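Here is the structure we will look at, set down as structure tokens.
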Amino acid sequence: MEIVLKGRIKEAVKKLYNSEVPDEFIQLQETRKDFRGDFTLVVFPLLRYSKNTPETTGEMIGSYLVENCSAVSGFNVIKGFLNLEISDKWWLEFFSKMASEQDHFANCRVPEPETIVVEYSSPNTNKPLHLGHIRNNLLGFSLYRLLSSTGHKVIKTNIVNDRGIHICKSMLAWQRFGNGETPESAGMKGDHLVGKYYVLFEKAYRLEVEKLILDGMSPAEAKETAPIMKEIREMLVKWEAGDKDVIDLWKMMNSWVYAGFDETYLKLGVDFDRIYYESQTYMLGKELVLKALEKDILYRNNDSSIWADLTSEGLDQKLLLRSDGTAVYMTQDLGTAVRRYDDYHFNRHIYVVGNEQNYHFQVLKAVLKRMGYEWSDGLIHFSYGMVELPEGRMKSREGTVVDADDLIAEMHETARSVSLELGKLSDFSDEEKEDVFRKIGLGALKYFILKVDPRKNMTFNPEESIDFNGNTGPFIQYTYARIKSVLRKASRSGLNDDVPVSFPFQALQKELDLIKLLRRFSETVATAAHDYSPALIANYCYDLAREFNQFYHDYSILGETDTEIRTFRLVLSKLTSEILAEGMWLLGVEMPERM
RNA sequence: GGACCUGUAGCUUAAUUGGAUAGAGCAUCUGGCUACGGACCAGAAGGUUGGGGGUUCGAGUCCCUCCAGGUUCACCA
């Protein structure tokens, strides 16, 4: 519609003022609710062609459109805004077409699909997933659905940080305090068990440091010389040397963690096409660095560590290999990027990683570019804000981390108690009930996280449980369930909800509002995919659910005696439920048929 | 100190990317269930968009400058 209107407006300016207007001067937008009309043309940019007042220019273009464009039924001009009214007939025809389409994403497909790698999750194998990971996973997964819905080929990947000194910590603590404990014997999820030993290590380490300080050592020196720290370093050296005992222990404990992660991923409803392990890419990174050194892209320091000088790009010196020749974080990320390009030849590579690593990704791009990889322009850091608690950042050492599994369980529990209090689902079996509670609890959590601008830090207050009223996932799920209920009742009564070819009656305001909102779906999906913004989808779904609720309260659906009007309302309801489900699907939220 | 990000009602937040009177939810107050589901709807109250300048027909949005907060600048990952 917009395209047609824009063309006509161009035509109008040409006829009326004998000038060609560039596209960006034709600013067409949806009319605000408080004004009469459907689309609004901002006439200010056109004044240079009309050489007239905004009001007169608006009047002239408006009259032209009413005469020459059948869809435009009227207009009004307020200040410099030309509000165009689209005929009900046009809206109803549009609605019929949309309701009969099988694939609601058809209109948002991009003309040239790309291959896009999305990396998300990126856990460490020394502790369980927490609330920050939940945000990461939900954003990553939703980006995948958004981008693939617009026609791109998207590969979901994960990079597992499975090597390094932090991993050795839980291994050592398990050796020392574990007595052969396993997830089975402890009755714990594997990742939680390993996390427990990580905490035990930190405790033991702190004790040793405190003792040394008491003996008169400086804090810095104490941290360096604590015996347990020494053991850790020895263990890391053994790991890198491939010592059988250490490697076996590492493999065993990692397998526990992976089993635990898999369980959490399954509960969250996210998955991956390909998992990369740092332990398998850091060697490639080392090779790349050494090769670049030969080409004088990098330089070697006196102590034989290797650095990149990025001062000409406005960045600092960056270490790429330690003096002892071992790899750092950046080294392995260089290796991972190159390997992924070899694997997929992506057009874009999106890293879903917290904003604390903004600098890291600037450097990563710059170094790859310098090494001659032109595709590094396609690396995108999707940077999101931290999840904080009311008292500040989550600190694993202080035990203030909100555990992912615990939170999911709590949401499920809250959904259960709210539902039971409302007396719902009394005819459901226990399993059916639990499944619905799970969907609602998870829906509340996902929506709560995805509806906010990813760039912003968000605070999560564990004391106040996530709302189920207002702008929330359950509100949208509820609206969906209610529509489904109406449709069930209609089909039991043998009422028709097929798409009629035309609606020969005058539609009411709320009905038109709903149709207008439905029309915006494909446009919203396209924009959200382009801007990497699941929040846009979330807010759209909320608007739609709200609009439907108003419509629902104002007008009878099943009680309407005129067959055509009732059919129309049934189809309208059905289409709304489909679009709601599609939108929430993009966010990874499941919709219960009843709740 | 350098770089980057954020600041909108008491709280959580939106604003079609520079458009009209800044829009919602929570909390507070008022009204509405014999209609197809009240996890709802309607209404009231709540704002100097952190402050100040600038750009123009027009600024929450762009530029400058302060203020506040966060992140980062590691031979941690």
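Residues are named by chain letter and number: chains run A, B, ... in the order of the structure tokens, numbers start at 1 in each chain, and ligands are numbered from 1 in the order shown.
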
Where does chain A meet chain B within 7 Å, residue by residue, with the nearest atom pair and distance in Å to one decimal for each, counting only C-alpha atoms (C1' of nucleotides), listed by chain and rising number, as a Markdown table?
| residue | atom | partner | partner_atom | distance |
| --- | --- | --- | --- | --- |
| A:Gln29 | CA | B:U16 | C1' | 6.9 |
| A:Phe44 | CA | B:C57 | C1' | 6.9 |
| A:Arg322 | CA | B:C75 | C1' | 5.0 |
| A:Ser323 | CA | B:C75 | C1' | 6.7 |
| A:Tyr329 | CA | B:A77 | C1' | 6.1 |
| A:Asn355 | CA | B:U71 | C1' | 7.0 |
| A:Glu356 | CA | B:U71 | C1' | 5.2 |
| A:Tyr359 | CA | B:U72 | C1' | 6.5 |
| A:Lys456 | CA | B:U6 | C1' | 6.7 |
| A:Phe468 | CA | B:A39 | C1' | 6.4 |
| A:Asn469 | CA | B:A39 | C1' | 5.9 |
| A:Gly470 | CA | B:G25 | C1' | 5.0 |
| A:Asn471 | CA | B:G25 | C1' | 5.3 |
| A:Pro474 | CA | B:A39 | C1' | 7.0 |
| A:Phe475 | CA | B:A39 | C1' | 6.2 |
| A:Tyr478 | CA | B:A39 | C1' | 6.6 |
| A:Arg482 | CA | B:G37 | C1' | 6.0 |
| A:Val486 | CA | B:C36 | C1' | 5.7 |
| A:Gln550 | CA | B:C41 | C1' | 6.9 |
| A:His553 | CA | B:C41 | C1' | 6.5 |
| A:Ile557 | CA | B:C36 | C1' | 6.3 |
| A:Leu558 | CA | B:C36 | C1' | 5.7 |

If you run DSSP on this backbone, which residues of segment 38-265 of chain A come out as alpha helix (DSSP H), and could you give them as number ranges by chain? A: 47-50, 54-68, 88-100, 131-149, 165-177, 183-186, 190-214, 219-225, 227-241, 244-265

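Around U8 of chain B, within 9 Å and counting only C-alpha atoms (C1' of nucleotides), the residues found are U13, A22, G47, U49 and G60 of chain B, once anything fewer than 3 positions away on its own chain is removed.
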
Write a file of the just-selected residues containing all heavy atoms, as an mmCIF file, in the first residue's frame.
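File again_31.cif, as written:
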data_model
loop_
_atom_site.group_PDB
_atom_site.id
_atom_site.type_symbol
_atom_site.label_atom_id
_atom_site.label_comp_id
_atom_site.auth_asym_id
_atom_site.auth_seq_id
_atom_site.Cartn_x
_atom_site.Cartn_y
_atom_site.Cartn_z
ATOM 1 P P U B 13 13.937 -1.726 32.623
ATOM 2 O OP1 U B 13 14.806 -2.816 32.191
ATOM 3 O OP2 U B 13 14.511 -0.405 32.920
ATOM 4 O "O5'" U B 13 12.767 -1.598 31.560
ATOM 5 C "C5'" U B 13 12.869 -0.743 30.438
ATOM 6 C "C4'" U B 13 11.505 -0.694 29.800
ATOM 7 O "O4'" U B 13 10.588 -0.019 30.709
ATOM 8 C "C3'" U B 13 11.394 0.119 28.524
ATOM 9 O "O3'" U B 13 11.797 -0.661 27.402
ATOM 10 C "C2'" U B 13 9.911 0.447 28.475
ATOM 11 O "O2'" U B 13 9.163 -0.651 28.009
ATOM 12 C "C1'" U B 13 9.595 0.656 29.960
ATOM 13 N N1 U B 13 9.592 2.070 30.359
ATOM 14 C C2 U B 13 8.532 2.838 29.928
ATOM 15 O O2 U B 13 7.613 2.382 29.261
ATOM 16 N N3 U B 13 8.573 4.154 30.319
ATOM 17 C C4 U B 13 9.549 4.763 31.048
ATOM 18 O O4 U B 13 9.446 5.958 31.307
ATOM 19 C C5 U B 13 10.610 3.910 31.455
ATOM 20 C C6 U B 13 10.603 2.623 31.098
ATOM 21 P P A B 22 2.943 15.816 24.466
ATOM 22 O OP1 A B 22 2.768 16.190 25.871
ATOM 23 O OP2 A B 22 4.003 16.498 23.686
ATOM 24 O "O5'" A B 22 3.190 14.254 24.417
ATOM 25 C "C5'" A B 22 3.308 13.553 23.188
ATOM 26 C "C4'" A B 22 4.062 12.274 23.412
ATOM 27 O "O4'" A B 22 5.443 12.590 23.696
ATOM 28 C "C3'" A B 22 3.597 11.479 24.625
ATOM 29 O "O3'" A B 22 2.526 10.624 24.283
ATOM 30 C "C2'" A B 22 4.848 10.696 24.998
ATOM 31 O "O2'" A B 22 5.014 9.563 24.148
ATOM 32 C "C1'" A B 22 5.950 11.704 24.671
ATOM 33 N N9 A B 22 6.369 12.496 25.829
ATOM 34 C C8 A B 22 5.990 13.767 26.165
ATOM 35 N N7 A B 22 6.547 14.225 27.256
ATOM 36 C C5 A B 22 7.362 13.175 27.657
ATOM 37 C C6 A B 22 8.218 13.032 28.746
ATOM 38 N N6 A B 22 8.420 13.974 29.664
ATOM 39 N N1 A B 22 8.876 11.866 28.874
ATOM 40 C C2 A B 22 8.676 10.916 27.954
ATOM 41 N N3 A B 22 7.897 10.931 26.890
ATOM 42 C C4 A B 22 7.267 12.102 26.800
ATOM 43 P P G B 47 4.020 14.988 36.930
ATOM 44 O OP1 G B 47 3.913 16.214 37.706
ATOM 45 O OP2 G B 47 3.346 14.878 35.602
ATOM 46 O "O5'" G B 47 5.567 14.684 36.754
ATOM 47 C "C5'" G B 47 5.997 13.567 36.027
ATOM 48 C "C4'" G B 47 7.008 13.962 34.978
ATOM 49 O "O4'" G B 47 6.705 13.229 33.770
ATOM 50 C "C3'" G B 47 7.022 15.446 34.592
ATOM 51 O "O3'" G B 47 8.360 15.873 34.369
ATOM 52 C "C2'" G B 47 6.241 15.479 33.277
ATOM 53 O "O2'" G B 47 6.628 16.525 32.422
ATOM 54 C "C1'" G B 47 6.591 14.124 32.677
ATOM 55 N N9 G B 47 5.607 13.593 31.748
ATOM 56 C C8 G B 47 4.475 14.205 31.281
ATOM 57 N N7 G B 47 3.808 13.478 30.434
ATOM 58 C C5 G B 47 4.544 12.293 30.331
ATOM 59 C C6 G B 47 4.317 11.121 29.567
ATOM 60 O O6 G B 47 3.377 10.874 28.795
ATOM 61 N N1 G B 47 5.299 10.157 29.767
ATOM 62 C C2 G B 47 6.382 10.324 30.599
ATOM 63 N N2 G B 47 7.221 9.300 30.657
ATOM 64 N N3 G B 47 6.605 11.418 31.329
ATOM 65 C C4 G B 47 5.653 12.349 31.142
ATOM 66 P P U B 49 11.363 17.468 29.218
ATOM 67 O OP1 U B 49 12.511 17.780 28.314
ATOM 68 O OP2 U B 49 10.037 17.244 28.667
ATOM 69 O "O5'" U B 49 11.726 16.184 30.084
ATOM 70 C "C5'" U B 49 13.091 15.845 30.328
ATOM 71 C "C4'" U B 49 13.275 14.361 30.143
ATOM 72 O "O4'" U B 49 12.165 13.795 29.402
ATOM 73 C "C3'" U B 49 14.535 13.981 29.346
ATOM 74 O "O3'" U B 49 15.072 12.789 29.892
ATOM 75 C "C2'" U B 49 13.989 13.708 27.959
ATOM 76 O "O2'" U B 49 14.769 12.814 27.209
ATOM 77 C "C1'" U B 49 12.643 13.078 28.293
ATOM 78 N N1 U B 49 11.659 13.189 27.206
ATOM 79 C C2 U B 49 11.482 12.075 26.411
ATOM 80 O O2 U B 49 12.078 11.031 26.580
ATOM 81 N N3 U B 49 10.578 12.231 25.403
ATOM 82 C C4 U B 49 9.836 13.354 25.120
ATOM 83 O O4 U B 49 9.050 13.341 24.189
ATOM 84 C C5 U B 49 10.084 14.466 25.993
ATOM 85 C C6 U B 49 10.972 14.340 26.978
ATOM 86 P P G B 60 11.775 16.802 22.036
ATOM 87 O OP1 G B 60 10.608 16.394 21.245
ATOM 88 O OP2 G B 60 11.659 17.957 22.949
ATOM 89 O "O5'" G B 60 12.274 15.561 22.897
ATOM 90 C "C5'" G B 60 13.346 15.734 23.815
ATOM 91 C "C4'" G B 60 14.019 14.407 24.072
ATOM 92 O "O4'" G B 60 13.006 13.384 24.160
ATOM 93 C "C3'" G B 60 14.936 13.933 22.960
ATOM 94 O "O3'" G B 60 16.229 14.470 23.096
ATOM 95 C "C2'" G B 60 14.921 12.415 23.147
ATOM 96 O "O2'" G B 60 15.801 12.028 24.190
ATOM 97 C "C1'" G B 60 13.483 12.173 23.605
ATOM 98 N N9 G B 60 12.598 11.772 22.504
ATOM 99 C C8 G B 60 11.581 12.503 21.951
ATOM 100 N N7 G B 60 10.961 11.878 20.980
ATOM 101 C C5 G B 60 11.608 10.654 20.901
ATOM 102 C C6 G B 60 11.390 9.543 20.045
ATOM 103 O O6 G B 60 10.549 9.414 19.144
ATOM 104 N N1 G B 60 12.282 8.516 20.294
ATOM 105 C C2 G B 60 13.252 8.535 21.262
ATOM 106 N N2 G B 60 14.019 7.453 21.349
ATOM 107 N N3 G B 60 13.481 9.568 22.072
ATOM 108 C C4 G B 60 12.619 10.579 21.836
#

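Nearest residue to Thr115 of chain A among A:Thr331, A:Thr311, A:Asn347, A:Thr57 is A:Asn347, counting only C-alpha atoms.
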
List the spatial neighbours of segment 234-242 of chain A as a PyMOL selection string - criterion: any atom at most 12 Å away, only C-alpha atoms (C1' of nucleotides), same-chain residues fewer than 4 positions off excluded. chain A and resi 162-173+175+227-230+246-251+279-280+282-283+324-327

List as a ChimeraX atom specification the protein and nucleic acid residues near segment 373-379 of chain A, meaning an atom at most 6 Å away when only C-alpha atoms (C1' of nucleotides) are counted, but skip any in the same chain fewer than 2 places from it. /A:347-349,365,368-369,371

For the atom pair atom CA of Glu578 of chain A and atom CA of Asn496 of chain A, what is the interatomic distance in Å to one decimal place? 17.1 Å

Based on the backbone DSSP call, show me all residues of segment 270-411 of chain A assigned strand (DSSP E), as a PyMOL selection string. chain A and resi 274-277+299-300+306-309+317-321+348-354+379-384+387-388
